[in-house]
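Novice: Let me begin by handing over the structure; questions about it come next.
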Amino acid sequence: MGVDARQLAAAFFLVAALIVISALLGRELGLINIIILSAMVVAAMGLGLWYLIFHGLRQAATGNLDLLSDVVSSSPEGRLLTTKDGRFVYANDAYCNLLELPANDAGQTLSDYFAEDSEVRAEIDRLLKAAVYDGTTGGRIDIETKTGRWLSILAHAIDVMPDNIVWYVTETTRQHRLEEEERVAREKLSEYFNNAPVGFYSLGGDGKIQFANRLFADWLGYQQKELSDGNFAFSNLVVKSNEDQLDLMEIFSADGPLYEGKITLRRRDGTLLPVHVTQTVIRGENGELMGSRSVVRELLQEQEWRERVANAELHFRRFFEAAPIGILLLDANGVVIESNPAFRALTGTVINKAVGSHVTELVEEADRATLQEKLVEAAASKAAAPSAEVKLVGATERAANFYINALAGEDSNSGRLLVHVIDTSVQRSLEVQFAQSQKMQAVGQLAGGIAHDFNNLLTAMIGFCDLLLLRHQVGDPSYSDINQIKQNANRAAGLVRQLLAFSRQQTLRPEVTDLTDVLAELSNLLRRLIGEAIQLKISHARDLWLVKVDRGQFEQVIMNLAVNARDAMSGDGLLTFETQNLTIAPGQRDYNDLIPPGDYILVKVSDTGTGIPDHVIEKIFDPFFTTKKVGEGTGLGLSTVYGIIKQTGGFIFTENNEDRGTTFSIFLPRYLEDLKKADASDMLEKPAHRDLTGKGTILLVEDEDPVRLFAARALENKGYTVLQADCGETALEVVHDHGGTIDLLITDVVMPVMDGPTLVKNILREMPDLKVIFISGYAEDAFRKDLDFDVSKIDFLPKPFSLKEIATKVKEVLVRDND
């Protein structure tokens, strides 16, 4: 076909040339001739080009194939040429001889020859795929033929013949194959040793290093080849051993094949490296030393880790022992493994008595089921279980919160439970006392408000009774009736004073007092009060400190406690009053936590009565709470005691005695000696004024009409000129309209719109020397602390007051300031 193409192309070129020559000679060419001419030229050129390309490629391929065939056929080793899909192309004579193929079967491939062995065919297919897809050899395989001969086979692609694969087939022996396998195994073993995380070395019988892995050489600062050339004596690396280290000669003289111990090696730079060696000694058949094989563990890092672990354990131990809260370590079943000193302090023990017992045995029986539930919940959950508030078993009652966390172990039975125990006894006590204080404060505010209104009523009642008694003499039939009204009003005033005492809003007149004298003077009255069947014992402390109290109110406290003790003892028993000086240091836990550190006088009132039930002892200071029968008590006795002590700045607590009866403990702050002089004026007796008449102008401001009318009449009867006002605004108008001098201002404290202190402040701007008396049903301290002006000349008259009391107070103020 190549020859025909060339002839046809030459003919096309010839015709085209004739047409061109004709045109050049002047002959006209028609359109058809031009089209034919162009087609012939293109066809001639295409056929010529196709011929050149096809013919050139064919010559090149034929030349390469011929060349490859010459190389394959002349090779003394077996060669096979196949296509990429494994079809036979060519094989040389050496290939046929190796496979012992007859002349008529020379076209067999390796897959054909091993067709009956599926495993061998799979290996051959693997080599073919590696050569086809990767362009490289897929490794060498050794295959045993049917006649017992061993063939080594390789396959790879050829760049000049991309469509063919060349197979190399050579005969090998089993010894050669075993040597090759051993070489590969040695290479793998060497790679393993060089990349192992521990050091390896082997010694010959002469003690020289035959092999050292890369890590061991790096530890010592040498190249691996330096140590593995068989010329380096191991003894050059070993530092002279001490008692606890392994000696090199001991290794070789060991009776057993295995020996281990510590030795110290010297690095190339001279530094020392402690190591642990596990060495196997190799001996010949006659016991001669052949060498040793050793595994080396570097101890520096291990020592560092051991030190870190020891430091961590030390830090944990310090934290565990010094933690301010209790810590328990439990096993998976809840048995205590260890407890810290803070927990032992909670239970009142100095030794680890809790160890070995179940944690539920450390709490009160009523709380054990709750704690067990929390233990189960914590063990089953990775998160911390909610806290359990329980009461601890011990000499003193302690409440605590248990915070339980599970610590994971290797299995479910090896886990641990970590329990943090926080003492909540003080918190619970404070919460109860705070709730009690809130309740008392609320009731006190109510009682104070009621007392204020009652004082206004009682002031008017007592005052008008006094005015009536001025007109009726003792023999008058109406005198006794009026006097009876006044006496009952005074009794009501006493009840109101109790309410004010409870609410801590009564007016106290504190003075420096020696409680020893108070108790001594009251002893006779107390003996008559408690009866002859009850014994009275008063123990006075020597050199008892002074206190500053309202003596009359404190006497009321003592008498109220004595009456309660008498009723509790039911006819016979022992009532004891004991005083002592007491200093409470910061952090001291012998007394209630509410008491701040300082010096106190402690007064203990103990009886041998029936005691107070636990559910009652929390309510004894509540107003109107009583356990007595109807008509035998008002329930204001102990509440009054509580109010007086608290208003004095002291504390009172109650507890049942261990054997029988109850003890009330009163803590009163010590009066400091350096304040004696400043308060000496309080101790001086004030002169009594028998003549209550006087002269002067008094401005009386009171929003309660009955009180104002009574006070105005009472003062006018004593000779004073009284200007009246029912509120602060009216009082200011009276001051501005009055042309004369005002000698004294008497004003109520609580009034609508403008209260008493505001009124006084406005008037003092114009009349700075004006004398002032405040009258109120509330305590004096309740308003004095809020005044923002000079109060040194301000006097106070508490409600209810009688005609004589108001006249005496006015006379005292006017005479004192005129002196």
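Residue numbering restarts at 1 for every chain of the structure tokens, chains are lettered A, B, ... in their displayed order, and ligands are numbered from 1 as they appear.
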Mind checking DSSP for stretch 584-779 of chain A and telling me the strand (DSSP E) residues as a PyMOL selection string?

Specialist: chain A and resi 584+598-607+651-656+662-669+697-701+721-725+744-748+771-776

Novice: Give me, as a PDB file with N, CA, C and O atoms, in the first residue's frame, all polymer residues having an atom no more than 8 Å from A:Thr513, counting only C-alpha atoms and skipping those fewer than 6 positions away in the same chain.

Specialist:
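What ended up in part.pdb:
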```pdb
ATOM      1  N   LEU A 546     -15.914  46.224 136.015  1.00  0.00           N
ATOM      2  CA  LEU A 546     -17.103  47.059 136.021  1.00  0.00           C
ATOM      3  C   LEU A 546     -17.820  46.974 134.687  1.00  0.00           C
ATOM      4  O   LEU A 546     -17.217  46.691 133.644  1.00  0.00           O
ATOM      5  N   VAL A 547     -19.115  47.230 134.717  1.00  0.00           N
ATOM      6  CA  VAL A 547     -19.918  47.297 133.489  1.00  0.00           C
ATOM      7  C   VAL A 547     -20.730  48.583 133.529  1.00  0.00           C
ATOM      8  O   VAL A 547     -20.885  49.216 134.595  1.00  0.00           O
ATOM      9  N   LYS A 548     -21.250  48.961 132.388  1.00  0.00           N
ATOM     10  CA  LYS A 548     -22.101  50.151 132.307  1.00  0.00           C
ATOM     11  C   LYS A 548     -23.483  49.706 131.846  1.00  0.00           C
ATOM     12  O   LYS A 548     -23.684  49.390 130.678  1.00  0.00           O
ATOM     13  N   VAL A 549     -24.419  49.654 132.796  1.00  0.00           N
ATOM     14  CA  VAL A 549     -25.761  49.182 132.501  1.00  0.00           C
ATOM     15  C   VAL A 549     -26.768  50.084 133.204  1.00  0.00           C
ATOM     16  O   VAL A 549     -26.422  50.871 134.107  1.00  0.00           O
ATOM     17  N   ARG A 551     -29.074  50.164 135.856  1.00  0.00           N
ATOM     18  CA  ARG A 551     -29.127  49.295 137.032  1.00  0.00           C
ATOM     19  C   ARG A 551     -30.538  48.757 137.266  1.00  0.00           C
ATOM     20  O   ARG A 551     -30.732  47.579 137.561  1.00  0.00           O
TER      21      ARG A 551
END
```

Novice: With a distance cut-off of 12 Å and only C-alpha atoms, select the neighbouring residues of A:Gly611, excluding the residue or stretch itself and same-chain residues fewer than 4 positions from it, and output the selection as a ChimeraX atom specification.

Specialist: /A:564-570,606-607,615-617,654-664

Novice: Keeping only N, CA and C atoms, take the residues you just selected and write them out as a PDB file, in the first residue's frame.

Specialist:
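Wrote it out as selection-v2.pdb, contents follow:
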```
ATOM      1  N   ASN A 564     -38.539  32.594 136.676  1.00  0.00           N
ATOM      2  CA  ASN A 564     -38.625  31.450 135.760  1.00  0.00           C
ATOM      3  C   ASN A 564     -37.973  30.213 136.359  1.00  0.00           C
ATOM      4  N   ALA A 565     -36.826  30.409 137.024  1.00  0.00           N
ATOM      5  CA  ALA A 565     -36.155  29.272 137.658  1.00  0.00           C
ATOM      6  C   ALA A 565     -37.001  28.700 138.777  1.00  0.00           C
ATOM      7  N   ARG A 566     -37.608  29.568 139.572  1.00  0.00           N
ATOM      8  CA  ARG A 566     -38.480  29.095 140.667  1.00  0.00           C
ATOM      9  C   ARG A 566     -39.616  28.242 140.120  1.00  0.00           C
ATOM     10  N   ASP A 567     -40.265  28.704 139.037  1.00  0.00           N
ATOM     11  CA  ASP A 567     -41.383  27.949 138.474  1.00  0.00           C
ATOM     12  C   ASP A 567     -40.918  26.619 137.887  1.00  0.00           C
ATOM     13  N   ALA A 568     -39.686  26.561 137.360  1.00  0.00           N
ATOM     14  CA  ALA A 568     -39.183  25.327 136.753  1.00  0.00           C
ATOM     15  C   ALA A 568     -38.811  24.292 137.811  1.00  0.00           C
ATOM     16  N   MET A 569     -38.463  24.728 139.010  1.00  0.00           N
ATOM     17  CA  MET A 569     -38.036  23.785 140.054  1.00  0.00           C
ATOM     18  C   MET A 569     -39.191  23.269 140.905  1.00  0.00           C
ATOM     19  N   SER A 570     -40.357  23.825 140.778  1.00  0.00           N
ATOM     20  CA  SER A 570     -41.582  23.308 141.423  1.00  0.00           C
ATOM     21  C   SER A 570     -41.418  23.100 142.931  1.00  0.00           C
ATOM     22  N   SER A 606     -28.127  29.482 136.947  1.00  0.00           N
ATOM     23  CA  SER A 606     -28.394  28.048 136.777  1.00  0.00           C
ATOM     24  C   SER A 606     -29.443  27.595 137.779  1.00  0.00           C
ATOM     25  N   ASP A 607     -30.270  26.672 137.328  1.00  0.00           N
ATOM     26  CA  ASP A 607     -31.254  26.069 138.228  1.00  0.00           C
ATOM     27  C   ASP A 607     -31.203  24.561 138.083  1.00  0.00           C
ATOM     28  N   HIS A 615     -37.365  21.588 121.406  1.00  0.00           N
ATOM     29  CA  HIS A 615     -38.253  22.305 120.494  1.00  0.00           C
ATOM     30  C   HIS A 615     -38.776  23.599 121.102  1.00  0.00           C
ATOM     31  N   VAL A 616     -38.556  23.779 122.418  1.00  0.00           N
ATOM     32  CA  VAL A 616     -39.008  24.997 123.091  1.00  0.00           C
ATOM     33  C   VAL A 616     -37.876  25.997 123.261  1.00  0.00           C
ATOM     34  N   ILE A 617     -36.658  25.484 123.406  1.00  0.00           N
ATOM     35  CA  ILE A 617     -35.523  26.359 123.737  1.00  0.00           C
ATOM     36  C   ILE A 617     -35.247  27.373 122.637  1.00  0.00           C
ATOM     37  N   THR A 654     -28.884  30.229 126.099  1.00  0.00           N
ATOM     38  CA  THR A 654     -29.508  29.247 126.989  1.00  0.00           C
ATOM     39  C   THR A 654     -29.066  27.850 126.597  1.00  0.00           C
ATOM     40  N   GLU A 655     -28.822  27.008 127.601  1.00  0.00           N
ATOM     41  CA  GLU A 655     -28.516  25.608 127.351  1.00  0.00           C
ATOM     42  C   GLU A 655     -28.929  24.782 128.569  1.00  0.00           C
ATOM     43  N   ASN A 656     -29.326  23.553 128.294  1.00  0.00           N
ATOM     44  CA  ASN A 656     -29.679  22.633 129.380  1.00  0.00           C
ATOM     45  C   ASN A 656     -28.419  22.060 130.012  1.00  0.00           C
ATOM     46  N   ASN A 657     -28.447  21.875 131.313  1.00  0.00           N
ATOM     47  CA  ASN A 657     -27.317  21.266 132.006  1.00  0.00           C
ATOM     48  C   ASN A 657     -27.233  19.783 131.669  1.00  0.00           C
ATOM     49  N   GLU A 658     -26.044  19.202 131.887  1.00  0.00           N
ATOM     50  CA  GLU A 658     -25.853  17.794 131.566  1.00  0.00           C
ATOM     51  C   GLU A 658     -26.705  16.899 132.473  1.00  0.00           C
ATOM     52  N   ASP A 659     -26.815  17.260 133.754  1.00  0.00           N
ATOM     53  CA  ASP A 659     -27.573  16.418 134.686  1.00  0.00           C
ATOM     54  C   ASP A 659     -29.045  16.823 134.715  1.00  0.00           C
ATOM     55  N   ARG A 660     -29.317  18.055 135.114  1.00  0.00           N
ATOM     56  CA  ARG A 660     -30.695  18.546 135.151  1.00  0.00           C
ATOM     57  C   ARG A 660     -30.674  20.062 135.240  1.00  0.00           C
ATOM     58  N   GLY A 661     -31.761  20.667 134.815  1.00  0.00           N
ATOM     59  CA  GLY A 661     -31.876  22.111 134.914  1.00  0.00           C
ATOM     60  C   GLY A 661     -31.358  22.841 133.685  1.00  0.00           C
ATOM     61  N   THR A 662     -31.357  24.172 133.811  1.00  0.00           N
ATOM     62  CA  THR A 662     -31.009  25.050 132.690  1.00  0.00           C
ATOM     63  C   THR A 662     -30.041  26.113 133.177  1.00  0.00           C
ATOM     64  N   THR A 663     -29.180  26.588 132.262  1.00  0.00           N
ATOM     65  CA  THR A 663     -28.249  27.674 132.572  1.00  0.00           C
ATOM     66  C   THR A 663     -28.417  28.792 131.545  1.00  0.00           C
ATOM     67  N   PHE A 664     -28.633  30.000 132.043  1.00  0.00           N
ATOM     68  CA  PHE A 664     -28.634  31.197 131.208  1.00  0.00           C
ATOM     69  C   PHE A 664     -27.278  31.877 131.362  1.00  0.00           C
TER      70      PHE A 664
END
```

Novice: Quick one: residues within 9 Å of stretch 135-151 of chain A, only C-alpha atoms counted, chain neighbours fewer than 3 positions away excluded, as a PyMOL selection string?

Specialist: chain A and resi 98-99+114+120+123-124+126-132+154-159+169-174+177

Novice: Take atom CA of A:Ala388 and atom CA of A:Arg318 and report the distance between them in Å, one decimal.

Specialist: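 Calculated distance between atom CA of A:Ala388 and atom CA of A:Arg318 is 26.6 Å.
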
Novice: As a PyMOL selection string, which residues of stretch 401-607 of chain A does DSSP assign to alpha helix (DSSP H)?

Specialist: chain A and resi 425-471+477-502+515-530+551-569

Novice: For stretch 523-539 of chain A, list every protein, DNA or RNA residue within 8 Å, evaluated using only C-alpha atoms, and leave out those in the same chain fewer than 2 positions away; present the list as a PyMOL selection string.

Specialist: chain A and resi 519-521+541+559+562-563+566+571-579

Novice: Print the selection's residues with all heavy atoms to a file, as a short mmCIF file (atom, residue, chain, number, x, y, z; two decimals), in the first residue's frame.

Specialist:
```
data_model
loop_
_atom_site.label_atom_id
_atom_site.label_comp_id
_atom_site.auth_asym_id
_atom_site.auth_seq_id
_atom_site.Cartn_x
_atom_site.Cartn_y
_atom_site.Cartn_z
N LEU A 519 -25.96 42.21 142.92
CA LEU A 519 -26.43 40.90 143.35
C LEU A 519 -26.51 40.81 144.88
O LEU A 519 -27.41 40.16 145.43
CB LEU A 519 -25.51 39.80 142.80
CG LEU A 519 -25.54 39.61 141.28
CD1 LEU A 519 -24.50 38.57 140.86
CD2 LEU A 519 -26.92 39.20 140.81
N ALA A 520 -25.57 41.48 145.54
CA ALA A 520 -25.59 41.45 147.02
C ALA A 520 -26.84 42.15 147.55
O ALA A 520 -27.49 41.68 148.50
CB ALA A 520 -24.33 42.11 147.57
N GLU A 521 -27.20 43.29 146.94
CA GLU A 521 -28.38 44.02 147.40
C GLU A 521 -29.66 43.27 147.05
O GLU A 521 -30.68 43.40 147.74
CB GLU A 521 -28.39 45.41 146.76
CG GLU A 521 -27.25 46.31 147.26
CD GLU A 521 -27.24 47.65 146.56
OE1 GLU A 521 -28.18 47.90 145.77
OE2 GLU A 521 -26.31 48.44 146.79
N ALA A 541 -17.03 36.65 141.71
CA ALA A 541 -15.64 36.59 141.26
C ALA A 541 -14.84 37.68 141.97
O ALA A 541 -15.36 38.77 142.26
CB ALA A 541 -15.56 36.78 139.75
N MET A 559 -34.39 39.41 138.28
CA MET A 559 -35.62 38.95 138.92
C MET A 559 -36.45 38.10 137.97
O MET A 559 -37.05 37.10 138.38
CB MET A 559 -36.43 40.17 139.40
CG MET A 559 -35.72 40.94 140.52
SD MET A 559 -36.63 42.40 141.07
CE MET A 559 -38.07 41.63 141.78
N ALA A 562 -34.94 34.72 137.89
CA ALA A 562 -35.17 34.02 139.16
C ALA A 562 -36.59 33.47 139.23
O ALA A 562 -36.81 32.33 139.69
CB ALA A 562 -34.90 34.97 140.33
N VAL A 563 -37.57 34.24 138.76
CA VAL A 563 -38.96 33.78 138.77
C VAL A 563 -39.13 32.56 137.86
O VAL A 563 -39.80 31.58 138.23
CB VAL A 563 -39.90 34.93 138.35
CG1 VAL A 563 -41.30 34.41 138.10
CG2 VAL A 563 -39.91 36.01 139.42
N ARG A 566 -37.61 29.57 139.57
CA ARG A 566 -38.48 29.09 140.67
C ARG A 566 -39.62 28.24 140.12
O ARG A 566 -39.91 27.16 140.64
CB ARG A 566 -39.03 30.30 141.41
CG ARG A 566 -40.01 29.95 142.53
CD ARG A 566 -40.83 31.17 142.89
NE ARG A 566 -41.68 31.58 141.76
CZ ARG A 566 -42.40 32.72 141.76
NH1 ARG A 566 -42.34 33.55 142.79
NH2 ARG A 566 -43.15 33.01 140.72
N GLY A 571 -40.88 24.07 143.63
CA GLY A 571 -40.90 24.00 145.10
C GLY A 571 -39.57 23.77 145.76
O GLY A 571 -39.32 24.31 146.83
N ASP A 572 -38.67 22.97 145.21
CA ASP A 572 -37.37 22.78 145.83
C ASP A 572 -36.30 22.65 144.76
O ASP A 572 -36.57 22.28 143.62
CB ASP A 572 -37.36 21.54 146.74
CG ASP A 572 -37.66 20.27 145.95
OD1 ASP A 572 -38.09 20.40 144.78
OD2 ASP A 572 -37.48 19.18 146.49
N GLY A 573 -35.07 22.97 145.16
CA GLY A 573 -33.97 22.92 144.21
C GLY A 573 -32.90 23.91 144.58
O GLY A 573 -32.83 24.40 145.72
N LEU A 574 -32.02 24.23 143.63
CA LEU A 574 -30.90 25.13 143.87
C LEU A 574 -30.83 26.16 142.73
O LEU A 574 -30.78 25.79 141.55
CB LEU A 574 -29.58 24.35 143.94
CG LEU A 574 -28.30 25.20 144.06
CD1 LEU A 574 -28.29 25.99 145.38
CD2 LEU A 574 -27.06 24.31 143.95
N LEU A 575 -30.83 27.43 143.10
CA LEU A 575 -30.68 28.52 142.14
C LEU A 575 -29.32 29.16 142.38
O LEU A 575 -29.01 29.60 143.49
CB LEU A 575 -31.79 29.56 142.31
CG LEU A 575 -31.69 30.81 141.43
CD1 LEU A 575 -31.73 30.45 139.95
CD2 LEU A 575 -32.82 31.80 141.77
N THR A 576 -28.49 29.19 141.32
CA THR A 576 -27.11 29.65 141.45
C THR A 576 -26.87 30.86 140.54
O THR A 576 -27.21 30.83 139.35
CB THR A 576 -26.11 28.54 141.08
OG1 THR A 576 -26.39 27.40 141.91
CG2 THR A 576 -24.69 29.00 141.28
N PHE A 577 -26.27 31.91 141.14
CA PHE A 577 -25.78 33.07 140.37
C PHE A 577 -24.26 33.07 140.49
O PHE A 577 -23.72 33.02 141.60
CB PHE A 577 -26.35 34.38 140.93
CG PHE A 577 -27.82 34.57 140.65
CD1 PHE A 577 -28.78 34.06 141.50
CD2 PHE A 577 -28.24 35.27 139.53
CE1 PHE A 577 -30.14 34.22 141.26
CE2 PHE A 577 -29.59 35.46 139.27
CZ PHE A 577 -30.54 34.94 140.12
N GLU A 578 -23.61 33.11 139.33
CA GLU A 578 -22.14 33.07 139.33
C GLU A 578 -21.62 34.14 138.38
O GLU A 578 -22.12 34.31 137.27
CB GLU A 578 -21.66 31.69 138.87
CG GLU A 578 -20.16 31.54 138.81
CD GLU A 578 -19.74 30.18 138.26
OE1 GLU A 578 -20.63 29.35 137.97
OE2 GLU A 578 -18.52 29.97 138.09
N THR A 579 -20.61 34.88 138.83
CA THR A 579 -20.00 35.92 138.00
C THR A 579 -18.52 35.60 137.81
O THR A 579 -17.88 35.01 138.69
CB THR A 579 -20.14 37.30 138.65
OG1 THR A 579 -19.47 37.30 139.92
CG2 THR A 579 -21.59 37.68 138.83
#
```

Novice: Find, counting only C-alpha atoms, the residue in A:Tyr168, A:Trp219, A:Trp545, A:Phe343 that gets nearest to A:Leu300.

Specialist: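 Selected residue with least distance to A:Leu300: A:Trp219.
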
Novice: What separation in Å, quoted to one decimal, exists between atom CA of A:Val813 and atom CA of A:Ile763?

Specialist: 18.2 Å

Novice: Which residues, written as number ranges by chain, have at least one atom at most 8 Å from stretch 720-729 of chain A, with only C-alpha atoms counted and residues fewer than 5 positions away on the same chain left out?

Specialist: A: 693-705, 708, 712, 715, 734, 751-756, 759

Novice: What's around A:Ala489 at 7 Å? Count only C-alpha atoms, leave out sequence neighbours fewer than 3 positions away in its own chain, and write the answer as an MDAnalysis selection string.

Specialist: chainID A and resid 458 461:462 485:486 492:493

Novice: Please measure the separation of atom CA of A:Arg765 and atom CA of A:Asp748, giving the value in Å to one decimal.

Specialist: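 Distance reported for this atom pair: 19.0 Å.
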
Novice: With only C-alpha atoms as the atoms that count, which of A:Asp331, A:Asp423, A:Glu116, A:Glu260 lies nearest to A:Ala408?

Specialist: A:Asp331
